[in-house]
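Everything below belongs to my_file_20.txt, which stores compact mmCIF, C-alpha atoms and all ligand atoms.
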# COMPACT_ATOMS: atom_id res chain seq x y z
CA MET A 290 0.00 0.00 0.00
CA THR A 291 2.33 2.57 -1.30
CA VAL A 292 0.93 5.54 -3.17
CA TYR A 293 2.98 7.04 -6.00
CA ALA A 294 2.17 10.35 -7.70
CA ILE A 295 3.55 10.36 -11.22
CA VAL A 296 4.16 14.03 -11.65
CA ASN A 297 5.73 16.63 -13.88
CA GLN A 298 4.00 19.84 -14.92
CA LYS A 299 5.70 19.61 -18.29
CA GLY A 300 3.44 17.96 -20.86
CA GLY A 301 4.26 14.89 -22.89
CA VAL A 302 7.14 13.58 -20.80
CA GLY A 303 5.75 10.06 -20.31
CA LYS A 304 3.63 10.35 -17.13
CA THR A 305 0.64 8.46 -18.51
CA THR A 306 2.80 5.94 -20.36
CA THR A 307 4.55 5.27 -17.06
CA ALA A 308 1.34 5.03 -15.00
CA VAL A 309 -0.22 2.44 -17.31
CA ASN A 310 2.84 0.37 -18.23
CA LEU A 311 4.34 0.39 -14.75
CA GLY A 312 0.89 -0.55 -13.43
CA ALA A 313 0.73 -3.46 -15.88
CA ALA A 314 4.28 -4.58 -15.05
CA LEU A 315 3.60 -4.51 -11.30
CA ARG A 316 0.41 -6.48 -11.87
CA GLU A 317 2.30 -8.99 -14.02
CA ALA A 318 4.66 -9.43 -11.07
CA GLY A 319 1.69 -10.40 -8.88
CA GLN A 320 1.06 -7.07 -7.16
CA GLN A 321 -2.37 -5.57 -6.47
CA VAL A 322 -2.43 -2.34 -8.46
CA LEU A 323 -4.77 0.64 -8.76
CA VAL A 324 -4.16 3.38 -11.32
CA VAL A 325 -5.97 6.66 -10.65
CA ASP A 326 -6.43 8.84 -13.72
CA LEU A 327 -6.23 12.35 -12.27
CA ASP A 328 -5.96 14.16 -15.59
CA PRO A 329 -9.02 15.71 -17.31
CA GLN A 330 -7.50 14.59 -20.63
CA GLY A 331 -8.37 11.03 -19.57
CA ASN A 332 -5.30 9.66 -21.32
CA ALA A 333 -4.68 6.85 -18.85
CA THR A 334 -8.32 5.82 -19.29
CA LEU A 335 -7.86 5.85 -23.07
CA HIS A 336 -4.60 3.92 -22.78
CA CYS A 337 -6.59 1.21 -20.98
CA GLY A 338 -8.83 0.92 -24.04
CA LEU A 339 -11.75 2.79 -22.50
CA ASN A 340 -13.61 5.78 -23.87
CA PRO A 341 -13.35 8.53 -21.23
CA ASP A 342 -16.63 10.14 -22.38
CA ARG A 343 -18.56 6.93 -21.73
CA GLN A 344 -17.42 6.64 -18.10
CA SER A 345 -20.22 7.60 -15.75
CA LYS A 346 -18.29 7.11 -12.52
CA THR A 347 -14.97 8.88 -12.54
CA VAL A 348 -12.60 10.36 -10.01
CA TRP A 349 -14.56 13.57 -10.46
CA SER A 350 -17.82 11.85 -9.44
CA ALA A 351 -16.24 10.92 -6.12
CA LEU A 352 -14.48 14.26 -5.63
CA SER A 353 -17.55 16.32 -6.42
CA ALA A 354 -19.72 14.11 -4.18
CA SER A 355 -17.33 14.77 -1.32
CA LEU A 356 -17.51 18.52 -2.01
CA ARG A 357 -21.32 18.42 -2.02
CA MET A 358 -21.14 16.89 1.43
CA ASN A 359 -19.74 20.13 2.68
CA GLY A 360 -22.19 22.15 0.68
CA VAL A 361 -19.43 24.04 -1.03
CA GLY A 362 -20.97 26.11 -3.73
CA MET A 363 -22.77 23.18 -5.30
CA ALA A 364 -26.43 22.28 -5.53
CA GLY A 365 -27.39 19.56 -3.08
CA GLY A 366 -29.90 17.99 -5.45
CA GLU A 367 -33.39 16.80 -4.66
CA GLY A 368 -34.34 16.67 -1.02
CA ALA A 369 -31.27 18.56 0.17
CA GLU A 370 -31.83 20.26 3.47
CA LEU A 371 -30.75 23.79 4.22
CA VAL A 372 -28.46 24.24 7.19
CA PHE A 373 -27.34 27.80 7.86
CA GLY A 374 -28.34 28.49 4.29
CA VAL A 375 -25.98 25.82 2.97
CA GLU A 376 -27.26 22.81 1.11
CA LEU A 377 -26.15 19.49 2.53
CA GLU A 378 -26.76 15.99 1.25
CA PRO A 379 -29.68 14.52 3.22
CA SER A 380 -28.08 11.10 3.67
CA GLY A 381 -24.93 12.38 5.33
CA GLU A 382 -22.94 10.01 3.13
CA SER A 383 -21.27 11.00 -0.10
CA ARG A 384 -22.11 9.07 -3.26
CA PRO A 385 -20.36 7.70 -5.09
CA SER A 386 -17.37 6.79 -2.98
CA LEU A 387 -14.04 6.36 -4.77
CA GLU A 388 -14.44 2.62 -4.34
CA GLU A 389 -17.62 2.70 -6.40
CA CYS A 390 -15.68 4.36 -9.23
CA ILE A 391 -13.11 1.57 -9.54
CA ILE A 392 -13.32 -0.48 -12.72
CA SER A 393 -11.12 -3.16 -14.24
CA ALA A 394 -8.58 -1.91 -16.76
CA GLY A 395 -9.29 -4.99 -18.84
CA GLU A 396 -6.77 -7.58 -20.00
CA ASP A 397 -3.95 -5.94 -18.08
CA GLY A 398 -5.63 -6.94 -14.86
CA PHE A 399 -5.08 -3.86 -12.74
CA ASP A 400 -7.83 -1.62 -11.38
CA LEU A 401 -8.53 1.87 -12.65
CA VAL A 402 -10.39 4.94 -11.52
CA PRO A 403 -11.10 6.64 -14.85
CA ALA A 404 -11.28 10.35 -15.66
CA ASN A 405 -12.72 12.54 -18.36
CA LEU A 406 -13.11 16.20 -19.22
CA GLU A 407 -15.53 16.75 -16.32
CA LEU A 408 -12.50 16.73 -14.07
CA SER A 409 -11.44 20.07 -15.56
CA GLN A 410 -13.92 21.71 -13.15
CA ALA A 411 -12.02 20.33 -10.21
CA ASP A 412 -9.41 23.04 -9.76
CA ALA A 413 -12.06 25.77 -9.69
CA ASP A 414 -14.46 23.83 -7.45
CA LEU A 415 -11.76 22.72 -5.04
CA MET A 416 -10.59 26.31 -4.67
CA SER A 417 -13.40 27.19 -2.26
CA ALA A 418 -13.54 23.80 -0.54
CA ILE A 419 -12.60 23.12 3.03
CA ASN A 420 -9.44 21.04 3.23
CA ARG A 421 -9.05 21.45 -0.51
CA GLU A 422 -5.56 19.96 -0.71
CA ARG A 423 -6.48 16.74 1.07
CA ARG A 424 -9.70 15.73 -0.64
CA LEU A 425 -8.14 12.89 -2.60
CA HIS A 426 -6.39 11.70 0.53
CA ARG A 427 -9.74 11.39 2.30
CA LEU A 428 -11.22 9.51 -0.64
CA LEU A 429 -8.31 7.06 -0.89
CA GLU A 430 -8.15 6.30 2.80
CA PRO A 431 -10.74 3.48 2.86
CA ILE A 432 -9.18 1.61 -0.10
CA ARG A 433 -5.48 2.22 0.48
CA ASP A 434 -4.90 -1.07 2.27
CA ARG A 435 -6.33 -3.16 -0.53
CA TYR A 436 -3.52 -2.44 -2.95
CA ASP A 437 0.22 -2.93 -2.96
CA PHE A 438 0.65 -0.04 -5.36
CA ILE A 439 -1.56 2.94 -6.14
CA LEU A 440 -0.28 5.02 -9.07
CA ILE A 441 -1.74 8.49 -9.65
CA ASP A 442 -1.38 9.90 -13.16
CA CYS A 443 -1.15 13.68 -12.69
CA PRO A 444 -2.13 16.39 -15.18
CA PRO A 445 0.54 18.61 -16.78
CA TYR A 446 0.13 21.60 -14.47
CA LEU A 447 0.77 22.34 -10.81
CA GLY A 448 -2.84 22.99 -9.78
CA LEU A 449 -4.95 21.65 -6.95
CA LEU A 450 -5.31 18.21 -8.55
CA THR A 451 -1.56 17.72 -8.57
CA ILE A 452 -1.30 19.12 -5.03
CA ASN A 453 -3.98 16.63 -3.94
CA ALA A 454 -1.97 13.80 -5.48
CA LEU A 455 1.23 14.94 -3.73
CA ALA A 456 -0.62 15.44 -0.44
CA THR A 457 -1.68 11.79 -0.38
CA ALA A 458 1.38 10.16 -1.97
CA ASP A 459 4.15 8.37 -0.16
CA TYR A 460 6.42 8.99 -3.12
CA ALA A 461 6.64 11.10 -6.24
CA ILE A 462 7.98 9.61 -9.45
CA VAL A 463 9.17 12.32 -11.83
CA PRO A 464 9.41 11.30 -15.49
CA LEU A 465 11.93 13.52 -17.24
CA GLN A 466 12.33 13.48 -20.98
CA ALA A 467 15.95 13.09 -21.98
CA ALA A 468 15.90 16.09 -24.28
CA TYR A 469 17.33 19.57 -24.37
CA LEU A 470 15.30 22.04 -22.23
CA ALA A 471 13.34 19.21 -20.59
CA MET A 472 15.06 19.99 -17.32
CA LYS A 473 13.70 23.52 -17.39
CA GLY A 474 10.91 23.74 -14.86
CA VAL A 475 12.04 20.75 -12.89
CA ASN A 476 13.24 23.05 -10.10
CA THR A 477 9.75 24.56 -9.82
CA LEU A 478 8.42 21.05 -9.43
CA PHE A 479 10.92 20.15 -6.72
CA ARG A 480 10.09 23.38 -4.90
CA THR A 481 6.39 22.48 -4.99
CA ILE A 482 7.15 18.99 -3.71
CA ALA A 483 9.21 20.51 -0.89
CA LEU A 484 6.36 22.88 0.04
CA VAL A 485 3.82 20.05 0.06
CA GLN A 486 6.19 18.05 2.21
CA ARG A 487 6.60 20.90 4.68
CA ASP A 488 2.96 21.97 4.91
CA LEU A 489 0.77 19.01 3.99
CA ASN A 490 2.50 15.67 3.85
CA TYR A 491 5.64 15.31 5.88
CA GLY A 492 6.18 11.74 4.70
CA LEU A 493 6.38 12.65 1.01
CA ARG A 494 9.61 11.64 -0.73
CA VAL A 495 10.82 11.69 -4.32
CA ARG A 496 11.22 8.01 -5.13
CA GLY A 497 13.10 8.88 -8.24
CA VAL A 498 13.51 10.85 -11.42
CA LEU A 499 12.77 8.56 -14.34
CA LEU A 500 14.64 9.32 -17.54
CA THR A 501 12.21 8.73 -20.42
CA MET A 502 12.40 8.67 -24.21
CA VAL A 503 16.12 8.03 -24.02
CA ASP A 504 17.55 7.45 -27.47
CA ARG A 505 20.87 5.72 -27.02
CA ARG A 506 21.54 5.97 -30.77
CA THR A 507 21.86 9.73 -30.71
CA VAL A 508 24.77 11.39 -28.98
CA HIS A 509 22.48 14.27 -28.02
CA SER A 510 20.03 12.12 -26.06
CA GLN A 511 22.86 10.20 -24.41
CA GLN A 512 24.50 13.44 -23.34
CA VAL A 513 21.27 14.83 -21.93
CA ALA A 514 20.65 11.58 -20.05
CA SER A 515 24.11 11.51 -18.51
CA VAL A 516 24.08 15.21 -17.63
CA ALA A 517 20.65 14.83 -16.05
CA ARG A 518 21.82 11.80 -14.14
CA SER A 519 24.98 13.41 -12.84
CA THR A 520 23.47 16.79 -11.93
CA ILE A 521 20.15 15.61 -10.47
CA SER A 522 21.42 12.55 -8.65
CA ARG A 523 23.52 14.71 -6.36
CA LYS A 524 20.31 15.80 -4.64
CA ILE A 525 17.54 13.49 -5.76
CA PRO A 526 17.50 9.76 -6.55
CA VAL A 527 17.43 8.83 -10.23
CA PHE A 528 16.09 5.41 -11.22
CA GLU A 529 18.69 3.08 -12.61
CA THR A 530 16.12 2.02 -15.21
CA GLU A 531 15.84 4.32 -18.21
CA ILE A 532 12.85 4.22 -20.52
CA PRO A 533 14.04 4.09 -24.12
CA GLN A 534 12.49 5.90 -27.04
CA ASN A 535 10.37 3.05 -28.36
CA VAL A 536 7.56 3.33 -30.88
CA ASP A 537 5.84 0.26 -29.40
CA LEU A 538 5.02 2.39 -26.35
CA ALA A 539 3.10 4.88 -28.49
CA ASP A 540 1.48 2.11 -30.55
CA ALA A 541 0.38 0.26 -27.40
CA ALA A 542 -1.35 3.44 -26.16
CA ALA A 543 -3.20 3.72 -29.47
CA ALA A 544 -4.15 0.03 -29.24
CA GLY A 545 -5.64 0.62 -25.77
CA LYS A 546 -3.44 -1.78 -23.84
CA SER A 547 -0.12 -1.86 -22.08
CA VAL A 548 3.07 -2.46 -24.02
CA LEU A 549 3.48 -5.66 -22.00
CA LEU A 550 0.48 -7.11 -23.83
CA TYR A 551 0.97 -5.25 -27.10
CA ALA A 552 4.65 -6.03 -27.63
CA PRO A 553 5.82 -8.20 -24.71
CA HIS A 554 9.44 -8.42 -25.87
CA SER A 555 9.88 -4.82 -26.96
CA ARG A 556 12.49 -2.61 -25.33
CA GLY A 557 9.69 -0.55 -23.80
CA ALA A 558 8.15 -3.62 -22.15
CA LEU A 559 11.51 -4.76 -20.81
CA ALA A 560 12.20 -1.31 -19.38
CA TYR A 561 8.89 -1.07 -17.54
CA ARG A 562 9.35 -4.60 -16.16
CA LYS A 563 12.76 -3.55 -14.90
CA LEU A 564 11.32 -0.40 -13.32
CA ALA A 565 8.66 -2.53 -11.58
CA GLU A 566 11.41 -4.75 -10.18
CA GLU A 567 13.29 -1.69 -8.96
CA LEU A 568 10.18 -0.62 -7.02
CA ILE A 569 9.31 -4.06 -5.69
CA ASN A 570 12.85 -4.76 -4.52
CA ALA A 571 13.31 -1.34 -2.95
N1 LIG A 601 9.49 6.08 -24.25
C1 LIG A 601 8.69 6.47 -25.23
N2 LIG A 601 8.99 6.20 -26.52
C2 LIG A 601 8.17 6.63 -27.51
N3 LIG A 601 7.03 7.30 -27.33
C3 LIG A 601 6.67 7.59 -26.08
C4 LIG A 601 7.46 7.19 -24.96
N4 LIG A 601 6.85 7.61 -23.82
C5 LIG A 601 5.73 8.23 -24.21
N5 LIG A 601 5.61 8.23 -25.56
C6 LIG A 601 4.56 8.89 -26.34
O1 LIG A 601 4.71 10.28 -26.17
C7 LIG A 601 3.45 10.91 -25.99
C8 LIG A 601 3.40 11.59 -24.61
O2 LIG A 601 3.49 10.58 -23.61
P1 LIG A 601 2.53 10.59 -22.33
O3 LIG A 601 1.12 10.79 -22.76
O4 LIG A 601 2.84 9.39 -21.53
O5 LIG A 601 3.07 11.88 -21.61
P2 LIG A 601 2.40 12.68 -20.43
O6 LIG A 601 3.50 13.27 -19.64
O7 LIG A 601 1.40 11.86 -19.73
O8 LIG A 601 1.63 13.82 -21.24
P3 LIG A 601 0.58 14.89 -20.63
O9 LIG A 601 1.42 15.85 -19.92
O10 LIG A 601 -0.12 15.44 -21.81
O11 LIG A 601 -0.32 14.12 -19.72
C9 LIG A 601 2.41 9.83 -26.17
O12 LIG A 601 2.00 9.83 -27.50
C10 LIG A 601 3.17 8.55 -25.85
O13 LIG A 601 2.62 7.43 -26.52
MG MG A 602 -0.61 12.23 -19.31

Encoded form using structure tokens:
Amino acid sequence: MTVYAIVNQKGGVGKTTTAVNLGAALREAGQQVLVVDLDPQGNATLHCGLNPDRQSKTVWSALSASLRMNGVGMAGGEGAELVFGVELEPSGESRPSLEECIISAGEDGFDLVPANLELSQADADLMSAINRERRLHRLLEPIRDRYDFILIDCPPYLGLLTINALATADYAIVPLQAAYLAMKGVNTLFRTIALVQRDLNYGLRVRGVLLTMVDRRTVHSQQVASVARSTISRKIPVFETEIPQNVDLADAAAAGKSVLLYAPHSRGALAYRKLAEELINA
């Protein structure tokens, strides 16, 4: 029951690819795995072969239900009672719970809480909520013990959704594209992680920076990877495993399954299996 936030506010660095393929690799190794899609783009949901628009119970359903409980700026629905002019749910229990939003990610065998564009309201709605940074933490609490690994796929910005993920995580995993300029912004991220650690979640640690899209055939990519490794690893752990640039990873996403099923012997599949081992043996 370790919760990992897969986080980097830079877009397209391999967060979702890591959430889904690492989830699949951990599951393949016999672990109980839950992937939480916390990005309104719903890319992790798509990567699992599901249409985000067709999902009726998403992470947003559970989050918004928990906000309604506190009557924060949202209609209470039919039968809501008025207390001090604030609408509260009559039952006193929020529906749906996060547990009710869990579905199977299909052939890959791990569980998923899907997301879709509805989640884009979250940052605005959370803004006025009580305990706004720890809403996801509250929702995860009852199911935490059921899984060996919970992986949260964060959106590409440092808003309240990402803060919620960091506030409940034991560890952050930071995918970093091995390309020029990719390291720009990474200091802002580490500062945010440090602030969350100080003010919200003392136990939060960076489990590792994960070098992604490494192209060992080009000198440029190799140089960036080694520079990143040598400069970052002085302060922050860097995973020994590197994720190579591998077209099978992109094709697997389009096929709606993990690379472990799509191309089991590809370099991408091997890398994510190795990363899973690194986490399991830690
Ligand atoms: N190692 C890799 N080799 C080749 N393609 C990759 C690799 N990792 C990711 N991709 C592809 O690059 C694109 C971006 O990856 P991904 O969606 O995982 O990034 P992200 O950080 O989640 O993006 P966003 O910030 O938009 O959520 C996708 O099309 C994905 O299939
Ligand atoms: Mg993504």

For this session: Give as number ranges by chain the residues surrounding ligand MG 602 (chain A) up to a distance of 7 Å, considering all atoms listed in the file.
Result: A: 301, 303-305, 328, 332-333, 442-445

5 Å per side around ligand LIG 601 (chain A): axis-aligned box centre and edge lengths, as AutoDock Vina command-line options:
--center_x 4.6 --center_y 11.0 --center_z -23.6 --size_x 19.8 --size_y 19.8 --size_z 17.9

Problem set entry | Polymer residues at most 12 Å from Pro526 of chain A, only C-alpha atoms, same-chain spacing of 5 or more positions, as a list in words |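 Neighbouring residues, sequence-local ones excluded: Tyr460, Ala461, Ile462, Val463, Arg494, Val495, Arg496, Gly497, Val498, Leu499, Leu500, Ala517, Arg518, Ser519, Thr520 and Ile521 of chain A.
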
For chain A versus ligand LIG 601 (chain A), which residues have an atom no more than 9 Å away, and what is each residue's nearest atom pair and distance in Å rounded to one decimal, using all atoms listed in the file, chain-then-number order, as a tab-separated table?
residue	atom	partner	partner_atom	distance
A:Ile295	CA	A:LIG601	O7	8.9
A:Val296	CA	A:LIG601	O6	8.1
A:Asn297	CA	A:LIG601	O6	7.0
A:Gln298	CA	A:LIG601	O9	6.9
A:Lys299	CA	A:LIG601	O9	5.9
A:Gly300	CA	A:LIG601	O9	3.1
A:Gly301	CA	A:LIG601	O8	3.3
A:Val302	CA	A:LIG601	O6	3.8
A:Gly303	CA	A:LIG601	O4	3.2
A:Lys304	CA	A:LIG601	O7	3.7
A:Thr305	CA	A:LIG601	O7	3.7
A:Thr306	CA	A:LIG601	O4	3.6
A:Thr307	CA	A:LIG601	O4	6.3
A:Ala308	CA	A:LIG601	O4	8.0
A:Val309	CA	A:LIG601	O4	8.7
A:Asp328	CA	A:LIG601	O11	7.0
A:Gln330	CA	A:LIG601	O11	7.3
A:Gly331	CA	A:LIG601	O11	8.6
A:Asn332	CA	A:LIG601	O3	6.7
A:Ala333	CA	A:LIG601	O7	7.9
A:His336	CA	A:LIG601	O13	8.9
A:Asp442	CA	A:LIG601	O7	7.4
A:Cys443	CA	A:LIG601	O11	7.1
A:Pro444	CA	A:LIG601	O11	5.4
A:Pro445	CA	A:LIG601	O9	4.3
A:Tyr446	CA	A:LIG601	O9	8.0
A:Pro464	CA	A:LIG601	O6	7.5
A:Leu465	CA	A:LIG601	O6	8.8
A:Gln466	CA	A:LIG601	N4	8.5
A:Thr501	CA	A:LIG601	N1	5.4
A:Met502	CA	A:LIG601	N1	3.9
A:Val503	CA	A:LIG601	N1	6.9
A:Asp504	CA	A:LIG601	N2	8.7
A:Glu531	CA	A:LIG601	N1	8.9
A:Ile532	CA	A:LIG601	N1	5.4
A:Pro533	CA	A:LIG601	N1	5.0
A:Gln534	CA	A:LIG601	N2	3.6
A:Asn535	CA	A:LIG601	N2	3.9
A:Val536	CA	A:LIG601	C2	4.8
A:Asp537	CA	A:LIG601	C2	7.0
A:Leu538	CA	A:LIG601	N3	5.4
A:Ala539	CA	A:LIG601	O13	3.3
A:Asp540	CA	A:LIG601	O13	6.8
A:Ala541	CA	A:LIG601	O13	7.6
A:Ala542	CA	A:LIG601	O13	5.6
A:Ala543	CA	A:LIG601	O13	7.5
A:Gly557	CA	A:LIG601	N1	6.6

Problem set entry | Contact residues around Glu567 of chain A with all atoms listed in the file at 12 Å, ignoring same-chain residues under 4 positions, as a list in words |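 In the requested format, the answer is Leu311, Ala314, Leu315, Ala318, Arg496, Gly497, Leu499, Val527, Phe528, Glu529, Thr530, Glu531, Ala560, Tyr561, Arg562, Lys563 and Ala571 of chain A.
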
Problem set entry | Top pick for closest residue to Val513 of chain A, considering A:Leu356, A:Met472, A:Ala467, A:Leu484 and counting all atoms listed in the file |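 For Val513 of chain A, the nearest of the candidates is A:Ala467.
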
For this session: Could you check how far atom CA of Leu550 of chain A sits from atom CA of Glu396 of chain A, in Å to one decimal?
Result: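 Going from atom CA of Leu550 of chain A over to atom CA of Glu396 of chain A covers 8.2 Å.
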
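Counting all atoms listed in the file, Asp397 of chain A has the following residues at most 10 Å away, ignoring those fewer than 5 positions along the same chain: Val309, Asn310, Gly312, Ala313, Ala314, Arg316, Glu317, Cys337, Lys546, Ser547, Val548, Leu549 and Leu550 of chain A.
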